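The file start-v1.cif contains mmCIF, C-alpha atoms and all ligand atoms:
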```cif
data_input
#
loop_
_atom_site.label_atom_id
_atom_site.label_comp_id
_atom_site.auth_asym_id
_atom_site.auth_seq_id
_atom_site.Cartn_x
_atom_site.Cartn_y
_atom_site.Cartn_z
CA MET J 1 0.00 0.00 0.00
CA THR J 2 1.28 3.46 -0.83
CA ALA J 3 2.04 5.94 1.88
CA LYS J 4 0.24 9.24 2.22
CA LEU J 5 1.37 12.43 3.95
CA LEU J 6 -1.25 14.76 5.42
CA ARG J 7 -0.07 18.28 6.13
CA GLY J 8 -1.88 20.59 8.53
CA ARG J 9 -2.07 21.82 12.10
CA VAL J 10 -1.79 18.63 14.12
CA LEU J 11 -3.52 18.39 17.50
CA SER J 12 -3.56 15.22 19.59
CA PHE J 13 -4.21 14.58 23.29
CA HIS J 14 -2.08 12.18 25.29
CA ALA J 15 -3.68 12.83 28.70
CA GLU J 16 -6.83 14.32 30.14
CA PRO J 17 -6.45 18.10 30.43
CA GLN J 18 -7.65 20.03 33.45
CA ALA J 19 -9.29 23.16 32.07
CA GLY J 20 -6.70 25.19 30.16
CA ASP J 21 -3.78 22.83 30.84
CA GLU J 22 -1.64 22.73 27.68
CA SER J 23 0.62 19.87 28.76
CA ALA J 24 -2.05 17.28 27.92
CA PHE J 25 -1.69 17.60 24.15
CA THR J 26 0.77 17.89 21.31
CA TYR J 27 0.18 20.71 18.86
CA ILE J 28 2.30 21.15 15.74
CA GLU J 29 1.59 24.32 13.76
CA ASP J 30 3.09 23.07 10.47
CA GLY J 31 2.73 19.40 11.17
CA ALA J 32 2.28 16.22 9.20
CA LEU J 33 1.11 12.65 9.56
CA LEU J 34 2.66 9.87 7.50
CA LEU J 35 0.03 7.16 6.89
CA ARG J 36 0.83 3.67 5.69
CA ASP J 37 -1.32 0.50 5.68
CA GLY J 38 -4.10 2.22 7.59
CA VAL J 39 -1.83 3.26 10.45
CA ILE J 40 -0.11 6.49 11.49
CA GLU J 41 3.50 5.59 10.90
CA ARG J 42 5.00 8.94 11.86
CA ARG J 43 3.88 12.28 13.25
CA GLY J 44 6.04 15.37 13.23
CA GLU J 45 7.01 18.67 11.71
CA TYR J 46 6.21 18.84 8.01
CA CYS J 47 9.79 19.80 7.22
CA ASP J 48 11.01 16.53 8.75
CA LEU J 49 8.50 14.31 6.94
CA LYS J 50 8.14 15.92 3.52
CA GLY J 51 9.02 13.74 0.56
CA LEU J 52 8.53 10.49 2.47
CA ALA J 53 5.24 9.61 0.77
CA GLU J 54 4.16 9.19 -2.85
CA GLU J 55 1.06 11.27 -2.16
CA GLU J 56 0.79 14.50 -0.18
CA VAL J 57 -2.45 16.19 0.85
CA ASP J 58 -2.12 19.76 2.01
CA HIS J 59 -4.86 20.49 4.56
CA ARG J 60 -3.41 23.81 5.76
CA PRO J 61 -4.72 25.89 7.52
CA HIS J 62 -7.08 23.26 8.90
CA LEU J 63 -6.71 21.19 12.06
CA LEU J 64 -5.93 17.48 11.96
CA MET J 65 -7.35 15.62 14.96
CA ALA J 66 -8.21 12.06 15.85
CA GLY J 67 -11.58 11.02 14.39
CA PHE J 68 -14.54 11.51 16.71
CA ILE J 69 -15.95 8.64 18.73
CA ASP J 70 -19.67 8.34 19.44
CA ALA J 71 -20.22 6.04 22.43
CA HIS J 72 -23.99 5.54 22.06
CA ILE J 73 -26.18 5.81 18.97
CA HIS J 74 -29.05 3.90 17.36
CA PHE J 75 -28.48 2.77 13.76
CA PRO J 76 -32.20 2.05 13.14
CA GLN J 77 -33.27 5.52 14.24
CA VAL J 78 -32.04 7.37 11.15
CA GLN J 79 -35.70 7.96 10.27
CA VAL J 80 -36.77 8.63 13.88
CA VAL J 81 -34.61 11.68 14.60
CA ALA J 82 -36.78 14.81 14.90
CA SER J 83 -40.05 13.12 15.96
CA TRP J 84 -42.31 15.53 17.81
CA GLY J 85 -43.87 15.79 21.19
CA GLU J 86 -43.08 12.87 23.47
CA GLN J 87 -40.85 11.83 26.33
CA LEU J 88 -39.03 8.52 26.43
CA LEU J 89 -41.66 5.78 26.84
CA ASP J 90 -44.25 7.28 24.47
CA TRP J 91 -41.55 8.27 22.02
CA LEU J 92 -40.38 4.65 21.92
CA GLU J 93 -43.89 3.31 21.43
CA ASN J 94 -45.12 5.87 18.90
CA TYR J 95 -42.05 6.49 16.77
CA THR J 96 -39.13 4.22 17.53
CA PHE J 97 -40.67 0.77 17.65
CA PRO J 98 -42.61 1.23 14.37
CA ALA J 99 -39.41 2.42 12.66
CA GLU J 100 -37.35 -0.48 13.99
CA MET J 101 -39.89 -3.03 12.63
CA LYS J 102 -38.73 -2.20 9.10
CA TYR J 103 -35.29 -3.70 9.74
CA ALA J 104 -36.65 -7.23 9.36
CA ASP J 105 -36.19 -6.51 5.65
CA PRO J 106 -32.51 -6.94 4.72
CA SER J 107 -32.71 -4.68 1.68
CA TYR J 108 -34.15 -1.84 3.76
CA ALA J 109 -31.53 -2.44 6.46
CA ALA J 110 -28.76 -2.37 3.85
CA ARG J 111 -29.99 0.91 2.35
CA MET J 112 -30.17 2.52 5.80
CA ALA J 113 -26.71 1.21 6.69
CA GLY J 114 -25.23 2.95 3.64
CA ALA J 115 -26.91 6.21 4.62
CA TYR J 116 -25.90 5.83 8.27
CA PHE J 117 -22.21 5.34 7.58
CA ASP J 118 -22.23 8.23 5.08
CA LEU J 119 -23.67 10.45 7.83
CA LEU J 120 -21.10 9.36 10.39
CA ALA J 121 -18.26 10.12 7.97
CA ALA J 122 -19.78 13.48 7.02
CA HIS J 123 -19.79 14.45 10.69
CA GLY J 124 -16.23 13.30 11.40
CA THR J 125 -17.20 10.23 13.42
CA THR J 126 -14.89 7.31 12.77
CA THR J 127 -16.02 4.95 15.57
CA ALA J 128 -19.46 4.48 17.10
CA ALA J 129 -21.12 2.10 19.53
CA SER J 130 -24.48 1.41 17.91
CA TYR J 131 -27.65 -0.36 18.85
CA CYS J 132 -29.09 -2.34 15.94
CA THR J 133 -32.61 -3.82 16.06
CA VAL J 134 -33.78 -7.18 17.37
CA HIS J 135 -33.36 -8.58 13.85
CA PRO J 136 -30.01 -10.23 13.10
CA GLU J 137 -30.45 -8.83 9.57
CA SER J 138 -29.89 -5.34 10.96
CA VAL J 139 -26.59 -6.41 12.51
CA GLU J 140 -25.50 -8.06 9.28
CA ALA J 141 -26.24 -4.85 7.39
CA TYR J 142 -24.39 -2.81 10.01
CA PHE J 143 -21.19 -4.80 10.29
CA GLY J 144 -21.22 -5.60 6.56
CA GLU J 145 -21.21 -1.90 5.71
CA ALA J 146 -18.60 -1.13 8.40
CA GLU J 147 -16.34 -3.85 7.01
CA GLN J 148 -16.54 -2.44 3.48
CA ARG J 149 -15.41 0.90 4.86
CA ASN J 150 -12.81 -0.64 7.19
CA MET J 151 -14.29 1.19 10.18
CA CYS J 152 -13.71 0.41 13.84
CA MET J 153 -17.32 -0.07 14.92
CA ILE J 154 -19.05 -1.47 17.97
CA GLY J 155 -22.57 -2.83 17.72
CA GLY J 156 -25.05 -5.51 18.58
CA LYS J 157 -28.54 -6.86 18.19
CA VAL J 158 -30.92 -5.52 20.83
CA MET J 159 -32.35 -8.26 22.99
CA MET J 160 -35.96 -7.54 23.96
CA ASP J 161 -38.71 -10.01 24.80
CA ARG J 162 -41.51 -7.86 26.20
CA GLY J 163 -42.98 -4.37 26.27
CA ALA J 164 -42.80 -3.96 22.50
CA PRO J 165 -44.79 -5.13 19.44
CA GLN J 166 -44.57 -8.83 18.55
CA GLY J 167 -42.38 -8.16 15.54
CA LEU J 168 -39.72 -6.61 17.77
CA CYS J 169 -39.62 -9.31 20.43
CA ASP J 170 -37.31 -12.30 20.54
CA THR J 171 -37.33 -14.86 23.37
CA PRO J 172 -34.67 -15.55 26.00
CA GLN J 173 -33.40 -18.49 23.94
CA ARG J 174 -33.56 -16.74 20.57
CA GLY J 175 -31.96 -13.60 21.94
CA TYR J 176 -29.12 -15.71 23.30
CA ASP J 177 -28.70 -17.89 20.19
CA GLU J 178 -28.85 -15.05 17.68
CA SER J 179 -26.46 -12.89 19.69
CA LYS J 180 -24.06 -15.80 20.13
CA ALA J 181 -24.02 -16.50 16.39
CA LEU J 182 -23.42 -12.81 15.64
CA ILE J 183 -20.56 -12.67 18.15
CA GLU J 184 -18.96 -15.70 16.57
CA LYS J 185 -19.30 -14.24 13.11
CA TRP J 186 -18.38 -10.62 13.76
CA HIS J 187 -16.48 -9.99 16.98
CA GLY J 188 -12.81 -9.38 16.19
CA ARG J 189 -13.37 -9.71 12.43
CA GLY J 190 -11.43 -6.80 10.91
CA ARG J 191 -12.15 -3.82 13.12
CA ALA J 192 -15.53 -5.02 14.46
CA HIS J 193 -16.38 -5.27 18.15
CA TYR J 194 -19.57 -6.88 19.37
CA ALA J 195 -21.72 -5.35 22.12
CA ILE J 196 -24.16 -7.61 23.95
CA THR J 197 -27.22 -5.35 23.92
CA PRO J 198 -30.16 -5.92 26.27
CA ARG J 199 -32.11 -2.76 25.33
CA PHE J 200 -33.11 -1.93 28.93
CA ALA J 201 -34.75 -3.63 31.90
CA ILE J 202 -38.22 -2.58 30.71
CA THR J 203 -38.05 -4.69 27.55
CA SER J 204 -36.39 -7.80 28.98
CA THR J 205 -37.92 -10.41 31.27
CA ALA J 206 -35.92 -11.85 34.14
CA GLU J 207 -35.46 -14.98 32.00
CA GLN J 208 -33.96 -12.95 29.19
CA LEU J 209 -31.61 -11.14 31.57
CA GLU J 210 -30.50 -14.54 32.88
CA ALA J 211 -29.68 -15.62 29.33
CA THR J 212 -27.88 -12.31 28.81
CA GLN J 213 -25.89 -12.90 31.98
CA ALA J 214 -24.73 -16.28 30.65
CA LEU J 215 -23.78 -14.75 27.30
CA ALA J 216 -21.89 -11.89 28.95
CA ALA J 217 -20.02 -14.33 31.20
CA GLU J 218 -19.06 -16.46 28.18
CA HIS J 219 -17.84 -13.37 26.32
CA PRO J 220 -15.95 -11.05 28.66
CA GLU J 221 -14.22 -9.65 25.57
CA CYS J 222 -17.49 -8.22 24.26
CA PHE J 223 -18.96 -4.92 25.32
CA VAL J 224 -22.31 -4.80 27.11
CA GLN J 225 -24.54 -1.82 26.33
CA THR J 226 -27.88 -0.81 27.77
CA HIS J 227 -29.89 2.15 29.07
CA VAL J 228 -30.47 3.15 32.70
CA ASP J 229 -31.86 6.01 34.79
CA GLU J 230 -32.82 8.18 31.83
CA ASN J 231 -36.39 9.20 32.65
CA GLN J 232 -38.56 9.23 35.78
CA ASN J 233 -41.42 7.20 34.27
CA GLU J 234 -38.93 4.63 33.02
CA ILE J 235 -37.41 4.35 36.49
CA ALA J 236 -40.86 3.88 38.09
CA LEU J 237 -41.73 1.17 35.55
CA ALA J 238 -38.44 -0.64 36.14
CA ALA J 239 -39.22 -0.66 39.88
CA GLU J 240 -42.67 -2.17 39.16
CA LEU J 241 -41.26 -4.85 36.88
CA PHE J 242 -38.40 -5.80 39.22
CA PRO J 243 -39.89 -5.28 42.71
CA ASP J 244 -37.10 -7.24 44.39
CA ALA J 245 -34.26 -5.16 42.98
CA PRO J 246 -32.98 -2.41 45.31
CA ASP J 247 -33.01 0.07 42.41
CA TYR J 248 -32.76 0.19 38.60
CA MET J 249 -28.98 -0.34 38.49
CA GLY J 250 -29.54 -3.21 40.92
CA VAL J 251 -31.31 -5.12 38.13
CA TYR J 252 -28.18 -5.06 36.00
CA GLU J 253 -26.08 -5.83 39.08
CA GLN J 254 -28.23 -8.86 39.85
CA TYR J 255 -27.69 -10.22 36.33
CA GLY J 256 -23.94 -9.63 36.27
CA LEU J 257 -23.99 -6.98 33.55
CA LEU J 258 -21.95 -4.26 35.27
CA ARG J 259 -18.29 -4.39 34.34
CA GLU J 260 -15.53 -2.22 32.87
CA ASN J 261 -16.69 -2.64 29.28
CA ALA J 262 -20.36 -2.04 30.06
CA LEU J 263 -21.67 1.16 28.47
CA LEU J 264 -24.63 2.60 30.38
CA GLY J 265 -26.62 5.11 28.38
CA HIS J 266 -27.77 8.20 30.30
CA CYS J 267 -27.21 7.60 34.08
CA ILE J 268 -28.99 10.85 34.86
CA HIS J 269 -31.12 10.06 37.90
CA MET J 270 -28.85 7.78 39.91
CA THR J 271 -29.13 7.21 43.65
CA ASP J 272 -26.06 7.26 45.82
CA ARG J 273 -26.04 3.46 45.88
CA GLU J 274 -26.24 3.28 42.10
CA ILE J 275 -23.33 5.71 41.72
CA GLY J 276 -21.35 3.55 44.12
CA LEU J 277 -22.09 0.48 41.98
CA VAL J 278 -20.89 2.25 38.84
CA ALA J 279 -17.71 3.37 40.63
CA ASP J 280 -17.02 -0.11 42.04
CA THR J 281 -17.64 -2.04 38.84
CA GLY J 282 -15.94 0.41 36.47
CA ALA J 283 -19.00 0.46 34.20
CA LYS J 284 -19.13 3.58 32.01
CA PRO J 285 -21.99 6.08 32.07
CA VAL J 286 -22.63 7.66 28.69
CA PHE J 287 -23.73 11.29 28.58
CA CYS J 288 -26.13 11.99 25.68
CA PRO J 289 -26.77 15.73 25.86
CA THR J 290 -28.87 16.41 22.75
CA SER J 291 -31.09 13.45 23.60
CA ASN J 292 -31.44 14.38 27.26
CA LEU J 293 -32.61 17.85 26.25
CA PHE J 294 -34.79 16.72 23.34
CA LEU J 295 -36.64 14.05 25.33
CA GLY J 296 -36.73 16.28 28.42
CA SER J 297 -34.94 13.57 30.39
CA GLY J 298 -32.74 15.60 32.74
CA LEU J 299 -29.25 16.91 33.42
CA TYR J 300 -26.20 14.61 33.56
CA ASP J 301 -23.99 15.46 36.55
CA ASP J 302 -20.50 15.15 35.10
CA ALA J 303 -18.66 16.89 37.94
CA GLY J 304 -20.54 14.92 40.58
CA LEU J 305 -19.59 11.64 38.96
CA ARG J 306 -15.98 12.68 38.45
CA LYS J 307 -15.77 13.45 42.18
CA ARG J 308 -16.62 9.80 42.72
CA GLY J 309 -13.89 8.73 40.28
CA ILE J 310 -16.26 8.03 37.39
CA LYS J 311 -15.30 9.28 33.94
CA GLY J 312 -18.20 8.83 31.57
CA ALA J 313 -18.22 8.76 27.79
CA ILE J 314 -20.19 11.17 25.60
CA ALA J 315 -22.47 10.40 22.67
CA THR J 316 -25.16 11.59 20.29
CA ASP J 317 -27.91 8.99 20.98
CA VAL J 318 -29.51 9.70 17.60
CA GLY J 319 -32.55 9.44 17.17
CA GLY J 320 -33.42 10.58 20.73
CA GLY J 321 -30.42 12.76 20.07
CA THR J 322 -30.87 15.41 17.42
CA SER J 323 -27.48 15.62 15.71
CA TYR J 324 -24.90 13.18 14.38
CA SER J 325 -22.26 15.77 15.19
CA MET J 326 -20.01 15.22 18.19
CA LEU J 327 -19.27 18.96 17.94
CA GLN J 328 -22.96 19.69 18.43
CA SER J 329 -23.09 17.12 21.22
CA MET J 330 -20.37 19.11 22.98
CA ASN J 331 -22.26 22.33 22.29
CA GLU J 332 -25.38 20.99 24.01
CA GLY J 333 -23.29 19.21 26.63
CA TYR J 334 -21.63 22.49 27.49
CA LYS J 335 -25.08 24.02 28.13
CA VAL J 336 -26.31 21.06 30.20
CA LEU J 337 -23.26 21.47 32.41
CA GLN J 338 -23.62 25.27 32.51
CA LEU J 339 -27.09 24.82 34.02
CA GLN J 340 -25.33 23.02 36.88
CA ARG J 341 -22.55 25.60 37.19
CA GLN J 342 -20.03 23.23 35.63
CA GLN J 343 -17.72 24.63 32.94
CA LYS J 344 -16.28 22.33 30.30
CA HIS J 345 -13.12 23.86 28.83
CA PRO J 346 -12.69 23.33 25.07
CA TYR J 347 -9.50 21.32 25.69
CA GLU J 348 -11.50 18.99 27.95
CA ALA J 349 -14.29 18.84 25.38
CA PHE J 350 -12.07 17.87 22.46
CA HIS J 351 -10.21 15.39 24.63
CA TRP J 352 -13.58 13.87 25.58
CA ILE J 353 -14.86 13.25 22.02
CA THR J 354 -11.53 11.72 20.98
CA ARG J 355 -9.14 10.14 23.50
CA GLY J 356 -11.57 10.38 26.44
CA ASN J 357 -14.14 8.21 24.69
CA ALA J 358 -11.39 5.88 23.46
CA VAL J 359 -10.24 5.38 27.06
CA ALA J 360 -13.83 4.77 28.20
CA LEU J 361 -14.10 2.09 25.50
CA GLY J 362 -10.68 0.63 26.33
CA LEU J 363 -9.55 1.24 22.74
CA GLU J 364 -7.02 4.03 23.28
CA ASP J 365 -4.17 1.94 21.95
CA ARG J 366 -5.85 1.96 18.49
CA ILE J 367 -8.06 5.07 18.24
CA GLY J 368 -8.64 8.48 19.82
CA THR J 369 -5.14 9.90 19.31
CA LEU J 370 -2.77 10.70 16.48
CA ASP J 371 0.05 8.76 18.14
CA GLU J 372 2.43 6.80 15.95
CA GLY J 373 1.11 3.24 15.65
CA SER J 374 -2.53 4.29 16.00
CA ASP J 375 -5.07 3.54 13.32
CA ALA J 376 -5.24 6.39 10.83
CA ASP J 377 -8.74 7.61 11.73
CA ILE J 378 -8.50 11.36 11.33
CA VAL J 379 -10.80 14.35 11.07
CA VAL J 380 -9.88 17.60 9.29
CA LEU J 381 -11.59 20.64 10.82
CA ASP J 382 -12.18 24.13 9.43
CA ALA J 383 -13.09 26.77 12.02
CA ARG J 384 -14.07 29.15 9.19
CA ALA J 385 -16.51 26.85 7.46
CA THR J 386 -19.55 29.15 7.50
CA ALA J 387 -20.16 32.89 7.27
CA GLU J 388 -20.91 33.16 10.99
CA MET J 389 -17.82 31.12 11.87
CA ARG J 390 -15.59 33.24 9.60
CA LEU J 391 -16.86 36.44 11.18
CA ARG J 392 -16.33 35.17 14.71
CA ALA J 393 -12.94 33.72 13.78
CA GLU J 394 -11.65 37.20 12.92
CA THR J 395 -11.27 37.89 16.65
CA VAL J 396 -10.01 34.45 17.65
CA GLU J 397 -6.42 34.53 18.88
CA THR J 398 -5.77 31.26 20.68
CA LEU J 399 -6.17 27.56 19.99
CA ALA J 400 -8.61 27.28 22.89
CA GLU J 401 -10.80 30.00 21.38
CA GLU J 402 -10.70 28.30 18.00
CA LEU J 403 -11.72 24.98 19.52
CA PHE J 404 -14.56 26.60 21.43
CA LEU J 405 -15.80 28.26 18.25
CA LEU J 406 -15.70 24.87 16.52
CA MET J 407 -17.69 23.11 19.21
CA ILE J 408 -20.33 25.82 19.59
CA LEU J 409 -20.88 26.77 15.93
CA GLY J 410 -19.45 23.75 14.13
CA ASP J 411 -21.17 20.71 12.64
CA ASP J 412 -20.66 18.62 9.49
CA ARG J 413 -19.90 21.79 7.53
CA ALA J 414 -16.74 22.23 9.62
CA VAL J 415 -15.58 18.72 8.72
CA VAL J 416 -13.45 19.11 5.60
CA GLN J 417 -12.47 15.45 5.41
CA THR J 418 -12.69 12.26 7.43
CA TYR J 419 -10.04 9.58 7.01
CA VAL J 420 -10.80 6.01 8.02
CA ALA J 421 -7.77 3.74 8.21
CA GLY J 422 -5.98 6.27 6.01
CA GLU J 423 -8.66 6.57 3.30
CA PRO J 424 -10.75 9.72 2.70
CA MET J 425 -14.42 8.96 3.32
CA LYS J 426 -16.21 12.24 2.90
N1 LIG I 1 -34.20 3.41 26.29
C1 LIG I 1 -34.53 2.25 25.69
N2 LIG I 1 -34.46 2.34 24.36
C2 LIG I 1 -34.08 3.60 24.09
C3 LIG I 1 -33.83 4.31 22.88
O1 LIG I 1 -33.96 3.79 21.78
N3 LIG I 1 -33.45 5.61 23.03
C4 LIG I 1 -33.31 6.20 24.24
N4 LIG I 1 -32.91 7.47 24.30
N5 LIG I 1 -33.54 5.56 25.37
C5 LIG I 1 -33.92 4.28 25.31
ZN ZN I 2 -30.07 5.20 23.40
#
```
Would you kindly transcribe this structure into structure tokens?
Ligand code: GUN
Ligand code: ZN
Amino acid sequence: MTAKLLRGRVLSFHAEPQAGDESAFTYIEDGALLLRDGVIERRGEYCDLKGLAEEEVDHRPHLLMAGFIDAHIHFPQVQVVASWGEQLLDWLENYTFPAEMKYADPSYAARMAGAYFDLLAAHGTTTAASYCTVHPESVEAYFGEAEQRNMCMIGGKVMMDRGAPQGLCDTPQRGYDESKALIEKWHGRGRAHYAITPRFAITSTAEQLEATQALAAEHPECFVQTHVDENQNEIALAAELFPDAPDYMGVYEQYGLLRENALLGHCIHMTDREIGLVADTGAKPVFCPTSNLFLGSGLYDDAGLRKRGIKGAIATDVGGGTSYSMLQSMNEGYKVLQLQRQQKHPYEAFHWITRGNAVALGLEDRIGTLDEGSDADIVVLDARATAEMRLRAETVETLAEELFLLMILGDDRAVVQTYVAGEPMK
């Protein structure tokens, strides 16, 4: 494979910054990345790397950063995003479940997968942890498309055996068997990672959670992903359905689903005991700001969790979430935290959507940085992409100001190019 040299302003985090701390990242004003065989072979000053590759792409004056990572999103909700008027449980029943029924049809699932991956690339997202539907066909479409694009993607079939229309329910045995077969086919194939995906306690019987527990124990290498403590009505229903559990998180505790590679969507309304469980097990809360605002779910307490040693991931949660853009997720996340008198510095924000999420996923040796040896998943950002951005940029003097402008006003228009394993995708 031929080598490629990207020239631009290189920015990569190697640690978590505290506010304006500049020792957490490397920034090279006239920098370059030498890509070969899908990997970043070298990073440095352009003058030291020029001439080393057959092909050079000059991205000056744009920023080169690690591709964005979305830690929670729903592939089958591409036609659910922007559905009016409901909070979580009614929104699921009235919009989401009908849309997910369509994924029984492999040709529909394949068409949506093409559109979904195009959207991710357009928005600079190079890795995502996605929920598919209950239908194995949806997972086939998802990982098939990811494989064609050589993307590092996490995903799994949702397991659900109650509380939804017939066409969206499996059984404890079928959920187990179909998930097992998908793990055997896809986990570790190319860049694919499987996530065992019980949708949430509301849509799984105790018998299904037992089967999920067995599957998770047999596959410690797989992620587990689910939802918890998102909405007050959901929490009340979980308490009704599992009267013996001490709390909502206690259901997942009882079935052995809390562990380091468990991704827990939302975690907004946690009790002290539940926070303790998350801290003790190392499970990862996932903050979904645009979704939490759109569905009126509540405010994620990032600082409170960090005080307890818990570093969550951040995500779009499309279609409860309203944008595929991790920049827009940080924009809304900034506001959610502002309402709680918490200030997220732009260095912290850009660390979060790159290396921070990679660390939460345990994948920081492959993605989330522009370190030599990492996979060449790269986003090229233009802080002057729109008229309003150009005007504001006239008074921007520092890197921190530029990053803040990007995360507040930026979206897919600010993404000039997205490289996946060294290949341009946009
Ligand atoms: N809880 C269970 N399923 C879902 C879903 O699809 N979206 C959101 N936001 N929450 C959920
Ligand atoms: Zn979700």
Between CA of Pro98 (chain J) and CA of Pro289 (chain J) - distance in Å to one decimal: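 CA of Pro289 (chain J) sits 24.4 Å away from CA of Pro98 (chain J).
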Spatial neighbours of Tyr334 (chain J), 10 Å, all atoms listed in the file, chain gap at least 2 places, as a list of chain:residue names: J:Pro289, J:Gln328, J:Ser329, J:Met330, J:Asn331, J:Glu332, J:Val336, J:Leu337, J:Gln338, J:Leu339, J:Gln342, J:Gln343, J:Lys344, J:His345, J:Pro346, J:Ala349, J:Met407, J:Ile408
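Near ligand ZN 2 (chain I), at a distance of at most 8 Å and with all atoms listed in the file counted, sit the residues His72, Ile73, His74, Tyr131, Thr226, His227, Gly265, His266, Asp317, Val318, Gly319 and Gly320 of chain J.
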Go ahead and save the picked residues with C-alpha atoms, as an mmCIF file, in the frame of the given file.
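Below you can see again_25.cif, which holds the result:
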```
data_model
loop_
_atom_site.group_PDB
_atom_site.id
_atom_site.type_symbol
_atom_site.label_atom_id
_atom_site.label_comp_id
_atom_site.auth_asym_id
_atom_site.auth_seq_id
_atom_site.Cartn_x
_atom_site.Cartn_y
_atom_site.Cartn_z
ATOM 1 C CA HIS J 72 -23.990 5.540 22.060
ATOM 2 C CA ILE J 73 -26.180 5.810 18.970
ATOM 3 C CA HIS J 74 -29.050 3.900 17.360
ATOM 4 C CA TYR J 131 -27.650 -0.360 18.850
ATOM 5 C CA THR J 226 -27.880 -0.810 27.770
ATOM 6 C CA HIS J 227 -29.890 2.150 29.070
ATOM 7 C CA GLY J 265 -26.620 5.110 28.380
ATOM 8 C CA HIS J 266 -27.770 8.200 30.300
ATOM 9 C CA ASP J 317 -27.910 8.990 20.980
ATOM 10 C CA VAL J 318 -29.510 9.700 17.600
ATOM 11 C CA GLY J 319 -32.550 9.440 17.170
ATOM 12 C CA GLY J 320 -33.420 10.580 20.730
#
```
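Our summary of the geometry notes that CA of Asn150 (chain J) is positioned 22.8 Å from CA of Tyr103 (chain J).
Distances from J:Gly373, J:Gly298, J:Pro220, J:Gly356 to Ala15 (chain J) were compared using only C-alpha atoms, and the smallest one belongs to J:Gly356.
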Ref. answer, residues at most 12 Å from (-20.9, -14.0, 17.9) with all atoms listed in the file, as a PyMOL selection string: chain J and resi 136+139-140+143+155-157+175-189+192-196+215-216+218-219+221-223
For ligand LIG 1 (chain I), the nearest of the candidates J:Gly256, J:Gly309, J:Gly250, J:Pro198, counting only C-alpha atoms and all ligand atoms: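 So, comparing all the options, the nearest one is J:Pro198.
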So that all listed atoms of ligand LIG 1 (chain I) fit with 6 Å spare on each side, what axis-aligned box centre and edge lengths in Å, to one decimal, would you give as AutoDock Vina command-line options?
```
--center_x -33.7 --center_y 4.9 --center_z 24.0 --size_x 13.6 --size_y 17.2 --size_z 16.5
```
For Glu240 (chain J), the nearest of the candidates J:Leu209, J:Ala201, J:Ala24, J:Met270, counting all atoms listed in the file: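 Of the candidates, the smallest distance to Glu240 (chain J) is held by J:Ala201.
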Which of J:Ser204, J:Thr212, J:Ser107, J:Ser325 sits closest to ligand LIG 1 (chain I) [using all atoms listed in the file]: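 Among J:Ser204, J:Thr212, J:Ser107, J:Ser325, it is J:Ser204 that comes nearest to ligand LIG 1 (chain I).
For the set J:Ile235, J:Ala206, J:Leu63, J:Ala385, the residue with the smallest atom-to-atom gap to ligand LIG 1 (chain I) is J:Ile235, counting only C-alpha atoms and all ligand atoms.
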Gap from atom N3 of ligand LIG 1 (chain I) to CA of Leu92 (chain J) - Å, one decimal: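 Taking atom N3 of ligand LIG 1 (chain I) as the start and CA of Leu92 (chain J) as the end point, the length is 7.1 Å.
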Counting only C-alpha atoms and all ligand atoms, the option among J:Ser297, J:Asn261, J:Gln208, J:Ser323 closest to ligand LIG 1 (chain I): J:Ser297
Glu423 (chain J) surroundings by all atoms listed in the file, 10 Å radius, close-in-sequence under 6 positions cut, as a PyMOL selection string: chain J and resi 4+35+37-38+149-150+376-378+417
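By chain and then residue number, the residues within 12 Å of Arg111 (chain J) are J:Phe75, J:Pro76, J:Val78, J:Lys102, J:Tyr103, J:Asp105, J:Phe117, J:Asp118, J:Ser138, J:Ala141, J:Tyr142, J:Gly144, J:Glu145, counting all atoms listed in the file and disregarding those fewer than 6 positions away in sequence.
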All residues 7 Å or closer to Leu370 (chain J), all atoms listed in the file, same chain fewer than 3 positions away omitted, as JSON, numbers by chain: {"J": [12, 65, 66, 374]}
